[in-house]
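I have placed the structure first, in the form of structure tokens, so that the comments after it can refer back to it.
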Protein chains: 2
Amino acid sequence: MEAVTDRRAGILRLVVREYVDTATPVGSKTIREKYELSASAATIRSEMQALESDGFLTHPYTSAGRIPSDLGYRSYVESLMGPVELAAEEKATIRHQFYQAAPELDEWAKLAAVLLARSLGLVAIVTPPRSDDLRVRRVELVSLKDLLALLIVVLREARVLKQLVPLESPADQSQLNSAGNHLNARLVGKSLREIRRHSPAEGLEGGIERSIAQLLEIESQREMGAYIEGLSGVLEQPEFQQNRDDFIDVIRLIDARSVDQLMPPATLENSGVSVVIGEEHPIRAMQHCSVVMTPYSARSGISGFVGVLGPTRLQYGRAVARVRYFSSLLDELMLEIYG
Amino acid sequence: MEAVTDRRAGILRLVVREYVDTATPVGSKTIREKYELSASAATIRSEMQALESDGFLTHPYTSAGRIPSDLGYRSYVESLMGPVELAAEEKATIRHQFYQAAPELDEWAKLAAVLLARSLGLVAIVTPPRSDDLRVRRVELVSLKDLLALLIVVLREARVLKQLVPLESPADQSQLNSAGNHLNARLVGKSLREIRRHSPAEGLEGGIERSIAQLLEIESQREMGAYIEGLSGVLEQPEFQQNRDDFIDVIRLIDARSVDQLMPPATLENSGVSVVIGEEHPIRAMQHCSVVMTPYSARSGISGFVGVLGPTRLQYGRAVARVRYFSSLLDELMLEIYG
DNA sequence: CTTGGCACTCTCAGTATGAGAGTGCCAAAC
DNA sequence: GTTTGGCACTCTCATACTGAGAGTGCCAAG
């Protein structure tokens, strides 16, 4: 394995770009003509041979063009793709749409997913910010019927949980208000753990306090709620059409919203945009896919993530640029709430 | 077009069942052997010819077996499929799962969608109950920062809307509480229309009142929020695999959650379970699919629906039975809230 | 009206064939 | 020693052909 020359790296870059565009194995002649290289086809061939023996390219069969391997994509992402940055105009367009939307965490997350999916033709996954350590910010009780109330718990990160609560004895809104006031005085700022070991009050308040503990319990075990968009875009990719068996399990994961199977959670511990290519993915079913993602709003303990997912043959530059911009935009919007 | 004899109807029923099971055109011999009919293959053939000339069956090509037409399925659903009712045991299992779940409208709707999709292998769509006429049940304000509050509006049907509200001047929780009390006194029970023509209060309350109107406005224009489950099940159906072009638009509609394209809204005006078969569907893209659905909780003005969707070759009996049972179960659960 | 028989039709899977794209390698040129 | 043109070779893909098989349609006899 020799040092990789500039020309060789350039050819790898061109092969990646061409293959990403066309989804067809790319040959020496195509590259030469399309990019007007001065070297001859034979030279390019011998460079390609070298790239193949170094593991950056593969052959579907003896005499077809070359396809980038996972390592080839990796190398492209690391050093060949160059700096990625969105045009100022495009940034402005995106930003504008966020200001148009209803000011609400979930709306922003959903909008981000929709816009990402649409502009990249990939599956986009965005989670609203979420804390590992659930803390109560406020409790509200709304009377529905004599013996039924709606319990609303607002968490620190402005997430809203709700649950119907059957009452043991009739209570009207004013009784609920006063119970709510007591509960707020006692529980605001408390975590699930603290509430659990808290000795509950008597009567009405006690019952509701148990409901709150239960609600937080359920919430802490729940899979991260995520907005997933753009499945139909991926179904139209040639990869899916030709190799359905490789992708049906991916679709199942998406359908089941198994976010932490789709997006390797370990990767989110790095700050900044991570790219997971093909077999780098820990989940078997995902090894024909690549993932571009980043955590955002990493203020201690409260964070979500932004990511896209598609066949390994994806436009890494465009994807990285957009994922990065959306995450910084969400960061900024979050800052207005938590800052 | 002659009167349809019993035998002829019986043969149509068998063709439908066999085709639904096998997804393969069914021939006279298959039917005879599998169901041990006393008539000969030739007789069955001539009955099939009659059924075909009456429009109940088709031929993919000259010499293949028969396939039910939309009219054939329609006739099966109307009169041949017989009474459908779930086994008591299965009802109990389903009911049990609802009692296990968190007592919350959205949870129930989601659970219904998941269970329906899983047991039928179809796409299931369930909307939580929703009112055309949005009425405020309660308003709550939660302080997030000096100049930012979270506005929570609970609607009559126990739906919870939320929005971040920037404040013009700083306010702490107790100020927000008192503003909330005034707003509740003034707005509870009011509809969007009434709030809109209401002359708003001054200062803090006025600003929030405008936010409430905006929130209701957005909500009234929003597509019905629906739980959609089971896409991967449909992707494995042979119809999709062979005839991708016919179904890609359906997937797009599902992906975009265009509920009122998927489920013809006019049909929901009938009470009881409706079946829409193939070309009966008003939307072009859906004409290779069938829909089984029903509204529920039809207490005036507050209702949702339960439905499933799949290729026209679906198990109508099982689908109708389950959709009916889930809707009655949701009815019952809703009754505990609104009753 | 029903039935067995039979010719006919159409699909489907498997095989063959030729064109085309692209490689690998070699020997000559730079 | 790197680069290049030339050329044989390999493998796919599209097309055409073929025979087996399934099922029909029709007819004449029961």
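Letters for chains follow the order of the structure tokens (A, B, ...), residue numbers begin at 1 for each chain, and ligand numbers begin at 1 in the order shown.
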Write down, as a PyMOL selection string, each residue of chain C that has any atom within 8 Å of an atom of chain B, counting only C-alpha atoms (C1' of nucleotides).
chain C and resi 2-3+9-10
Return chain A as a compact mmCIF listing (two decimals) with C-alpha atoms, in the first residue's frame, after superposing it on chain B by a least-squares fit that covers all C-alpha atoms paired in order.
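Writing the result to result31.txt gives the following:
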```
# COMPACT_ATOMS: atom_id res chain seq x y z
CA MET A 1 -77.69 -10.95 -17.03
CA GLU A 2 -79.59 -13.75 -15.35
CA ALA A 3 -80.45 -14.24 -11.74
CA VAL A 4 -77.47 -15.39 -9.73
CA THR A 5 -78.02 -18.91 -8.52
CA ASP A 6 -76.85 -20.20 -5.18
CA ARG A 7 -74.19 -22.30 -6.74
CA ARG A 8 -72.89 -19.44 -8.78
CA ALA A 9 -72.72 -17.20 -5.71
CA GLY A 10 -70.96 -19.97 -3.84
CA ILE A 11 -68.35 -20.22 -6.54
CA LEU A 12 -67.80 -16.47 -6.46
CA ARG A 13 -67.31 -16.69 -2.72
CA LEU A 14 -64.76 -19.45 -3.11
CA VAL A 15 -62.88 -17.60 -5.84
CA VAL A 16 -62.66 -14.51 -3.64
CA ARG A 17 -61.45 -16.49 -0.63
CA GLU A 18 -58.94 -18.48 -2.61
CA TYR A 19 -57.57 -15.45 -4.43
CA VAL A 20 -57.31 -13.45 -1.23
CA ASP A 21 -55.33 -16.28 0.33
CA THR A 22 -52.99 -17.10 -2.49
CA ALA A 23 -52.72 -13.93 -4.62
CA THR A 24 -52.78 -16.24 -7.65
CA PRO A 25 -55.52 -16.37 -10.29
CA VAL A 26 -57.73 -19.31 -9.41
CA GLY A 27 -58.79 -22.00 -11.85
CA SER A 28 -61.75 -24.31 -11.98
CA LYS A 29 -59.76 -27.37 -11.00
CA THR A 30 -58.16 -25.78 -7.96
CA ILE A 31 -61.52 -24.74 -6.60
CA ARG A 32 -63.05 -28.13 -7.20
CA GLU A 33 -60.28 -30.03 -5.49
CA LYS A 34 -59.63 -27.69 -2.63
CA TYR A 35 -63.25 -27.30 -1.61
CA GLU A 36 -64.46 -30.75 -2.73
CA LEU A 37 -67.31 -29.50 -4.86
CA SER A 38 -69.55 -32.11 -6.37
CA ALA A 39 -69.79 -30.30 -9.68
CA SER A 40 -67.18 -31.03 -12.31
CA ALA A 41 -64.51 -28.62 -13.46
CA ALA A 42 -66.38 -27.99 -16.71
CA THR A 43 -69.49 -26.95 -14.84
CA ILE A 44 -67.52 -24.63 -12.64
CA ARG A 45 -65.94 -23.19 -15.75
CA SER A 46 -69.27 -22.39 -17.27
CA GLU A 47 -70.43 -20.76 -14.04
CA MET A 48 -67.26 -18.74 -14.01
CA GLN A 49 -67.93 -17.63 -17.55
CA ALA A 50 -71.33 -16.43 -16.44
CA LEU A 51 -69.81 -14.62 -13.47
CA GLU A 52 -67.32 -13.02 -15.80
CA SER A 53 -69.91 -11.82 -18.27
CA ASP A 54 -71.84 -10.35 -15.33
CA GLY A 55 -68.72 -8.46 -14.31
CA PHE A 56 -67.84 -10.22 -11.06
CA LEU A 57 -64.66 -11.87 -12.26
CA THR A 58 -61.87 -11.07 -14.71
CA HIS A 59 -59.14 -12.71 -16.62
CA PRO A 60 -55.61 -11.42 -16.57
CA TYR A 61 -55.08 -13.20 -19.92
CA THR A 62 -56.87 -15.70 -22.09
CA SER A 63 -55.96 -18.76 -20.26
CA ALA A 64 -55.23 -18.00 -16.66
CA GLY A 65 -57.49 -18.49 -13.67
CA ARG A 66 -60.07 -15.94 -12.56
CA ILE A 67 -59.57 -12.88 -10.39
CA PRO A 68 -62.39 -11.07 -8.61
CA SER A 69 -63.21 -7.65 -10.06
CA ASP A 70 -64.05 -4.70 -7.82
CA LEU A 71 -67.68 -5.63 -8.37
CA GLY A 72 -66.89 -9.19 -7.30
CA TYR A 73 -65.38 -7.98 -4.05
CA ARG A 74 -68.31 -5.64 -3.58
CA SER A 75 -70.73 -8.51 -3.94
CA TYR A 76 -68.64 -10.58 -1.54
CA VAL A 77 -68.72 -7.84 1.06
CA GLU A 78 -72.43 -7.16 0.63
CA SER A 79 -73.82 -10.63 0.71
CA LEU A 80 -71.34 -13.49 0.51
CA MET A 81 -68.94 -12.93 3.32
CA GLY A 82 -71.49 -13.70 5.99
CA PRO A 83 -71.68 -12.23 9.48
CA VAL A 84 -68.39 -11.13 10.94
CA GLU A 85 -67.73 -11.12 14.62
CA LEU A 86 -64.58 -11.45 16.64
CA ALA A 87 -64.14 -14.38 18.99
CA ALA A 88 -64.85 -13.42 22.60
CA GLU A 89 -61.36 -14.46 23.52
CA GLU A 90 -59.79 -12.17 21.00
CA LYS A 91 -61.98 -9.29 22.11
CA ALA A 92 -60.81 -9.83 25.65
CA THR A 93 -57.15 -9.83 24.62
CA ILE A 94 -57.56 -6.56 22.78
CA ARG A 95 -59.53 -4.93 25.56
CA HIS A 96 -56.92 -5.98 28.05
CA GLN A 97 -54.21 -4.16 26.15
CA PHE A 98 -56.17 -0.93 26.30
CA TYR A 99 -56.48 -1.16 30.03
CA GLN A 100 -52.75 -1.73 30.27
CA ALA A 101 -51.98 1.42 28.29
CA ALA A 102 -51.65 4.89 29.72
CA PRO A 103 -55.11 6.44 30.00
CA GLU A 104 -54.81 9.10 27.31
CA LEU A 105 -56.70 9.76 24.10
CA ASP A 106 -53.62 9.78 21.90
CA GLU A 107 -52.25 6.64 23.48
CA TRP A 108 -55.47 4.81 22.77
CA ALA A 109 -55.58 5.97 19.19
CA LYS A 110 -52.01 4.96 18.64
CA LEU A 111 -52.47 1.59 20.30
CA ALA A 112 -55.51 0.92 18.15
CA ALA A 113 -53.50 1.70 15.02
CA VAL A 114 -50.62 -0.53 16.07
CA LEU A 115 -52.81 -3.49 16.98
CA LEU A 116 -54.96 -3.19 13.87
CA ALA A 117 -51.96 -2.96 11.59
CA ARG A 118 -50.27 -5.89 13.21
CA SER A 119 -53.23 -8.24 13.22
CA LEU A 120 -54.24 -7.52 9.64
CA GLY A 121 -50.91 -6.80 7.95
CA LEU A 122 -52.44 -3.65 6.52
CA VAL A 123 -51.91 0.05 7.00
CA ALA A 124 -54.08 1.25 9.88
CA ILE A 125 -55.10 4.85 10.43
CA VAL A 126 -56.70 6.08 13.62
CA THR A 127 -57.44 9.68 14.50
CA PRO A 128 -58.02 10.80 18.04
CA PRO A 129 -61.43 12.42 18.44
CA ARG A 130 -61.60 15.91 17.09
CA SER A 131 -64.19 18.60 16.96
CA ASP A 132 -64.91 20.88 14.03
CA ASP A 133 -65.93 23.50 16.48
CA LEU A 134 -62.92 24.18 18.67
CA ARG A 135 -63.95 25.19 22.17
CA VAL A 136 -61.68 26.21 24.99
CA ARG A 137 -61.97 24.18 28.13
CA ARG A 138 -59.09 25.69 30.01
CA VAL A 139 -56.07 27.90 29.56
CA GLU A 140 -52.81 27.55 31.46
CA LEU A 141 -49.67 29.65 31.41
CA VAL A 142 -46.29 28.35 32.49
CA SER A 143 -43.38 30.68 33.01
CA LEU A 144 -40.23 29.59 31.22
CA LYS A 145 -38.15 32.73 31.37
CA ASP A 146 -38.77 36.36 32.21
CA LEU A 147 -39.96 37.13 28.72
CA LEU A 148 -41.14 33.73 27.58
CA ALA A 149 -44.12 31.66 28.63
CA LEU A 150 -45.63 28.39 27.51
CA LEU A 151 -49.29 28.71 26.66
CA ILE A 152 -51.35 25.54 27.07
CA VAL A 153 -54.92 25.41 25.83
CA VAL A 154 -57.10 22.43 26.67
CA LEU A 155 -60.00 21.94 24.26
CA ARG A 156 -63.40 20.52 25.00
CA GLU A 157 -62.47 17.06 23.76
CA ALA A 158 -59.47 16.96 26.12
CA ARG A 159 -57.05 17.77 23.34
CA VAL A 160 -54.05 19.80 24.47
CA LEU A 161 -52.51 22.56 22.34
CA LYS A 162 -49.37 24.42 23.24
CA GLN A 163 -47.33 27.30 21.99
CA LEU A 164 -44.42 29.38 23.16
CA VAL A 165 -45.40 32.97 23.80
CA PRO A 166 -42.88 35.81 23.97
CA LEU A 167 -43.93 38.37 26.53
CA GLU A 168 -43.71 42.11 26.09
CA SER A 169 -42.73 42.74 29.66
CA PRO A 170 -41.31 40.37 32.28
CA ALA A 171 -43.80 38.29 34.24
CA ASP A 172 -43.29 35.59 36.84
CA GLN A 173 -45.42 32.53 37.44
CA SER A 174 -47.77 34.25 39.88
CA GLN A 175 -48.50 37.05 37.43
CA LEU A 176 -49.12 34.44 34.76
CA ASN A 177 -51.42 32.59 37.12
CA SER A 178 -53.52 35.63 37.69
CA ALA A 179 -53.63 36.41 33.98
CA GLY A 180 -54.58 32.79 33.42
CA ASN A 181 -57.41 33.04 35.91
CA HIS A 182 -58.82 36.06 34.16
CA LEU A 183 -58.52 34.41 30.78
CA ASN A 184 -60.22 31.27 32.02
CA ALA A 185 -63.07 33.28 33.46
CA ARG A 186 -63.52 35.00 30.16
CA LEU A 187 -62.76 32.31 27.56
CA VAL A 188 -63.82 28.91 28.88
CA GLY A 189 -66.51 27.42 26.69
CA LYS A 190 -65.90 29.92 23.90
CA SER A 191 -65.31 28.88 20.31
CA LEU A 192 -62.69 30.21 17.92
CA ARG A 193 -65.28 32.43 16.29
CA GLU A 194 -66.40 33.91 19.57
CA ILE A 195 -62.87 34.59 20.70
CA ARG A 196 -62.07 36.24 17.41
CA ARG A 197 -64.83 38.78 17.65
CA HIS A 198 -64.24 39.27 21.34
CA SER A 199 -62.55 42.60 22.07
CA PRO A 200 -59.31 41.58 23.75
CA ALA A 201 -58.16 42.84 27.09
CA GLU A 202 -55.24 45.19 27.56
CA GLY A 203 -51.59 44.41 28.28
CA LEU A 204 -50.40 40.91 29.15
CA GLU A 205 -53.78 39.26 28.91
CA GLY A 206 -54.50 40.90 25.58
CA GLY A 207 -51.28 39.57 24.07
CA ILE A 208 -52.01 36.09 25.28
CA GLU A 209 -55.56 36.27 24.06
CA ARG A 210 -54.25 37.01 20.60
CA SER A 211 -51.90 34.04 20.88
CA ILE A 212 -54.82 31.81 21.80
CA ALA A 213 -56.78 32.99 18.79
CA GLN A 214 -53.76 32.32 16.59
CA LEU A 215 -53.24 28.88 18.09
CA LEU A 216 -56.85 27.90 17.48
CA GLU A 217 -56.66 29.33 13.98
CA ILE A 218 -53.62 27.19 13.14
CA GLU A 219 -55.24 24.17 14.73
CA SER A 220 -58.46 24.54 12.80
CA GLN A 221 -56.57 24.58 9.53
CA ARG A 222 -54.25 21.75 10.42
CA GLU A 223 -54.77 18.37 8.84
CA MET A 224 -56.28 15.92 11.22
CA GLY A 225 -53.50 14.43 13.34
CA ALA A 226 -53.58 10.72 12.75
CA TYR A 227 -51.70 7.66 13.84
CA ILE A 228 -50.62 5.67 10.81
CA GLU A 229 -49.03 2.28 11.28
CA GLY A 230 -48.07 -0.79 9.33
CA LEU A 231 -46.52 0.53 6.16
CA SER A 232 -43.89 -2.19 6.10
CA GLY A 233 -46.58 -4.86 6.10
CA VAL A 234 -48.03 -3.53 2.88
CA LEU A 235 -44.62 -3.28 1.25
CA GLU A 236 -44.34 -7.03 1.57
CA GLN A 237 -47.57 -7.73 -0.27
CA PRO A 238 -46.98 -9.23 -3.72
CA GLU A 239 -49.08 -6.47 -5.28
CA PHE A 240 -46.54 -3.91 -4.27
CA GLN A 241 -43.57 -5.96 -5.31
CA GLN A 242 -44.87 -6.66 -8.79
CA ASN A 243 -46.65 -3.46 -9.57
CA ARG A 244 -44.59 -0.84 -7.87
CA ASP A 245 -45.74 2.03 -10.05
CA ASP A 246 -49.35 1.57 -9.06
CA PHE A 247 -48.51 1.84 -5.39
CA ILE A 248 -45.72 4.37 -5.17
CA ASP A 249 -48.24 7.20 -5.12
CA VAL A 250 -50.08 5.52 -2.29
CA ILE A 251 -46.87 5.34 -0.32
CA ARG A 252 -46.32 9.02 -1.01
CA LEU A 253 -49.74 9.85 0.37
CA ILE A 254 -49.05 7.77 3.45
CA ASP A 255 -45.64 9.36 3.87
CA ALA A 256 -47.19 12.81 3.66
CA ARG A 257 -49.95 11.73 6.05
CA SER A 258 -52.61 13.02 3.68
CA VAL A 259 -55.37 11.39 5.62
CA ASP A 260 -58.25 12.84 3.68
CA GLN A 261 -56.82 11.63 0.42
CA LEU A 262 -56.32 8.15 1.81
CA MET A 263 -59.71 7.83 3.46
CA PRO A 264 -62.55 9.40 1.47
CA PRO A 265 -64.06 11.90 3.94
CA ALA A 266 -67.53 11.70 2.42
CA THR A 267 -67.72 8.06 3.40
CA LEU A 268 -67.29 8.94 7.04
CA GLU A 269 -70.65 10.64 7.05
CA ASN A 270 -72.30 7.24 7.12
CA SER A 271 -72.28 5.72 10.52
CA GLY A 272 -71.10 2.15 10.74
CA VAL A 273 -68.30 0.43 8.88
CA SER A 274 -67.85 1.48 5.26
CA VAL A 275 -65.90 -0.47 2.69
CA VAL A 276 -64.46 1.35 -0.32
CA ILE A 277 -63.21 -1.00 -3.00
CA GLY A 278 -60.73 -0.13 -5.74
CA GLU A 279 -62.20 2.24 -8.28
CA GLU A 280 -64.93 3.29 -5.91
CA HIS A 281 -62.27 5.44 -4.30
CA PRO A 282 -62.42 9.06 -5.46
CA ILE A 283 -58.64 9.49 -5.54
CA ARG A 284 -56.93 8.07 -8.62
CA ALA A 285 -53.84 6.85 -6.83
CA MET A 286 -55.95 4.83 -4.42
CA GLN A 287 -57.86 2.87 -7.01
CA HIS A 288 -55.74 -0.23 -6.60
CA CYS A 289 -56.49 -0.21 -2.90
CA SER A 290 -59.44 -0.86 -0.66
CA VAL A 291 -60.34 0.92 2.53
CA VAL A 292 -62.33 -0.34 5.51
CA MET A 293 -63.26 2.36 7.96
CA THR A 294 -65.75 3.77 10.38
CA PRO A 295 -66.25 6.93 12.39
CA TYR A 296 -66.47 6.52 16.12
CA SER A 297 -67.57 8.50 19.13
CA ALA A 298 -70.11 10.27 16.97
CA ARG A 299 -71.40 12.36 19.83
CA SER A 300 -72.38 15.49 18.01
CA GLY A 301 -69.37 17.36 16.74
CA ILE A 302 -66.67 15.29 18.40
CA SER A 303 -65.45 12.29 16.49
CA GLY A 304 -62.54 10.46 15.02
CA PHE A 305 -62.24 7.45 12.81
CA VAL A 306 -60.67 4.02 12.63
CA GLY A 307 -59.65 2.54 9.31
CA VAL A 308 -57.40 0.17 7.47
CA LEU A 309 -56.09 0.27 3.94
CA GLY A 310 -54.45 -2.27 1.68
CA PRO A 311 -54.53 -3.81 -1.77
CA THR A 312 -58.04 -4.66 -3.01
CA ARG A 313 -57.12 -8.25 -2.33
CA LEU A 314 -57.61 -8.07 1.41
CA GLN A 315 -59.42 -10.13 4.00
CA TYR A 316 -62.61 -8.13 4.11
CA GLY A 317 -64.26 -10.21 6.80
CA ARG A 318 -61.38 -10.00 9.23
CA ALA A 319 -60.86 -6.33 8.49
CA VAL A 320 -64.50 -5.36 8.97
CA ALA A 321 -64.75 -7.33 12.21
CA ARG A 322 -61.67 -5.72 13.68
CA VAL A 323 -62.38 -2.19 12.55
CA ARG A 324 -65.85 -2.49 14.01
CA TYR A 325 -64.60 -3.85 17.31
CA PHE A 326 -61.88 -1.25 17.73
CA SER A 327 -64.29 1.56 16.99
CA SER A 328 -66.78 0.27 19.55
CA LEU A 329 -64.00 -0.07 22.07
CA LEU A 330 -62.86 3.49 21.47
CA ASP A 331 -66.48 4.64 21.65
CA GLU A 332 -66.68 3.07 25.03
CA LEU A 333 -63.45 4.60 26.29
CA MET A 334 -64.55 8.00 25.01
CA LEU A 335 -67.84 7.68 26.75
CA GLU A 336 -66.01 7.55 30.04
CA ILE A 337 -64.61 10.98 29.24
CA TYR A 338 -67.47 12.77 27.57
CA GLY A 339 -70.42 10.70 28.75
```
Identify, with DSSP run on backbone atoms, the residues in stretch 106-173 of chain A assigned to strand (DSSP E or B), and express the list as JSON, numbers by chain.
{"A": [123, 124, 125, 126, 130, 131, 135, 136, 137, 138, 139, 140, 141, 142, 143, 144, 145, 148, 149, 150, 151, 152, 153, 154, 155, 160, 161, 162, 163, 164, 165, 166]}
Considering only C-alpha atoms (C1' of nucleotides), extract the chain D residues located within 8 Å of chain A and return them as a ChimeraX atom specification.
/D:3-4,10-11
Looking only at alpha helix (DSSP H) from DSSP on the backbone, list the matching residues of stretch 91-238 of chain B as an MDAnalysis selection string.
chainID B and resid 91:100 105:120 173:187 192:197 203:221 231:235 238
Pull C-alpha atoms from the residues just selected and write them as a PDB file, in the first residue's frame.
```
ATOM      1  CA  LYS B  91     -61.973  -9.336  22.142  1.00  0.00           C
ATOM      2  CA  ALA B  92     -60.807  -9.878  25.691  1.00  0.00           C
ATOM      3  CA  THR B  93     -57.154  -9.870  24.659  1.00  0.00           C
ATOM      4  CA  ILE B  94     -57.550  -6.595  22.810  1.00  0.00           C
ATOM      5  CA  ARG B  95     -59.516  -4.973  25.594  1.00  0.00           C
ATOM      6  CA  HIS B  96     -56.897  -6.027  28.098  1.00  0.00           C
ATOM      7  CA  GLN B  97     -54.185  -4.201  26.186  1.00  0.00           C
ATOM      8  CA  PHE B  98     -56.152  -0.975  26.350  1.00  0.00           C
ATOM      9  CA  TYR B  99     -56.474  -1.220  30.092  1.00  0.00           C
ATOM     10  CA  GLN B 100     -52.731  -1.766  30.322  1.00  0.00           C
ATOM     11  CA  LEU B 105     -56.660   9.729  24.159  1.00  0.00           C
ATOM     12  CA  ASP B 106     -53.589   9.730  21.952  1.00  0.00           C
ATOM     13  CA  GLU B 107     -52.225   6.597  23.535  1.00  0.00           C
ATOM     14  CA  TRP B 108     -55.447   4.772  22.828  1.00  0.00           C
ATOM     15  CA  ALA B 109     -55.554   5.917  19.235  1.00  0.00           C
ATOM     16  CA  LYS B 110     -51.975   4.906  18.689  1.00  0.00           C
ATOM     17  CA  LEU B 111     -52.443   1.551  20.340  1.00  0.00           C
ATOM     18  CA  ALA B 112     -55.493   0.878  18.186  1.00  0.00           C
ATOM     19  CA  ALA B 113     -53.476   1.661  15.065  1.00  0.00           C
ATOM     20  CA  VAL B 114     -50.595  -0.579  16.105  1.00  0.00           C
ATOM     21  CA  LEU B 115     -52.782  -3.536  17.003  1.00  0.00           C
ATOM     22  CA  LEU B 116     -54.938  -3.225  13.899  1.00  0.00           C
ATOM     23  CA  ALA B 117     -51.930  -2.995  11.615  1.00  0.00           C
ATOM     24  CA  ARG B 118     -50.251  -5.933  13.251  1.00  0.00           C
ATOM     25  CA  SER B 119     -53.216  -8.264  13.237  1.00  0.00           C
ATOM     26  CA  LEU B 120     -54.217  -7.549   9.650  1.00  0.00           C
ATOM     27  CA  GLN B 173     -45.456  32.641  37.389  1.00  0.00           C
ATOM     28  CA  SER B 174     -47.807  34.353  39.808  1.00  0.00           C
ATOM     29  CA  GLN B 175     -48.534  37.133  37.338  1.00  0.00           C
ATOM     30  CA  LEU B 176     -49.145  34.519  34.688  1.00  0.00           C
ATOM     31  CA  ASN B 177     -51.460  32.675  37.055  1.00  0.00           C
ATOM     32  CA  SER B 178     -53.575  35.707  37.595  1.00  0.00           C
ATOM     33  CA  ALA B 179     -53.673  36.481  33.875  1.00  0.00           C
ATOM     34  CA  GLY B 180     -54.607  32.833  33.340  1.00  0.00           C
ATOM     35  CA  ASN B 181     -57.446  33.106  35.820  1.00  0.00           C
ATOM     36  CA  HIS B 182     -58.884  36.097  34.052  1.00  0.00           C
ATOM     37  CA  LEU B 183     -58.558  34.436  30.694  1.00  0.00           C
ATOM     38  CA  ASN B 184     -60.239  31.302  31.956  1.00  0.00           C
ATOM     39  CA  ALA B 185     -63.091  33.296  33.386  1.00  0.00           C
ATOM     40  CA  ARG B 186     -63.547  35.000  30.068  1.00  0.00           C
ATOM     41  CA  LEU B 187     -62.797  32.321  27.494  1.00  0.00           C
ATOM     42  CA  LEU B 192     -62.694  30.154  17.877  1.00  0.00           C
ATOM     43  CA  ARG B 193     -65.289  32.333  16.226  1.00  0.00           C
ATOM     44  CA  GLU B 194     -66.436  33.835  19.481  1.00  0.00           C
ATOM     45  CA  ILE B 195     -62.887  34.547  20.589  1.00  0.00           C
ATOM     46  CA  ARG B 196     -62.083  36.172  17.301  1.00  0.00           C
ATOM     47  CA  ARG B 197     -64.866  38.710  17.516  1.00  0.00           C
ATOM     48  CA  GLY B 203     -51.681  44.432  28.120  1.00  0.00           C
ATOM     49  CA  LEU B 204     -50.457  40.959  29.032  1.00  0.00           C
ATOM     50  CA  GLU B 205     -53.832  39.295  28.802  1.00  0.00           C
ATOM     51  CA  GLY B 206     -54.548  40.899  25.464  1.00  0.00           C
ATOM     52  CA  GLY B 207     -51.329  39.566  23.965  1.00  0.00           C
ATOM     53  CA  ILE B 208     -52.046  36.090  25.199  1.00  0.00           C
ATOM     54  CA  GLU B 209     -55.579  36.245  23.980  1.00  0.00           C
ATOM     55  CA  ARG B 210     -54.278  36.980  20.514  1.00  0.00           C
ATOM     56  CA  SER B 211     -51.927  34.009  20.816  1.00  0.00           C
ATOM     57  CA  ILE B 212     -54.838  31.784  21.743  1.00  0.00           C
ATOM     58  CA  ALA B 213     -56.796  32.918  18.719  1.00  0.00           C
ATOM     59  CA  GLN B 214     -53.769  32.254  16.532  1.00  0.00           C
ATOM     60  CA  LEU B 215     -53.251  28.832  18.053  1.00  0.00           C
ATOM     61  CA  LEU B 216     -56.864  27.846  17.441  1.00  0.00           C
ATOM     62  CA  GLU B 217     -56.663  29.236  13.941  1.00  0.00           C
ATOM     63  CA  ILE B 218     -53.643  27.104  13.119  1.00  0.00           C
ATOM     64  CA  GLU B 219     -55.227  24.095  14.713  1.00  0.00           C
ATOM     65  CA  SER B 220     -58.459  24.457  12.801  1.00  0.00           C
ATOM     66  CA  GLN B 221     -56.563  24.488   9.523  1.00  0.00           C
ATOM     67  CA  LEU B 231     -46.494   0.474   6.194  1.00  0.00           C
ATOM     68  CA  SER B 232     -43.859  -2.235   6.132  1.00  0.00           C
ATOM     69  CA  GLY B 233     -46.562  -4.908   6.150  1.00  0.00           C
ATOM     70  CA  VAL B 234     -48.002  -3.570   2.922  1.00  0.00           C
ATOM     71  CA  LEU B 235     -44.604  -3.330   1.275  1.00  0.00           C
ATOM     72  CA  PRO B 238     -46.980  -9.245  -3.700  1.00  0.00           C
TER      73      PRO B 238
END
```
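As for atom C1' of D:DA14 and atom C1' of C:DA16, they are spaced 12.6 Å apart.
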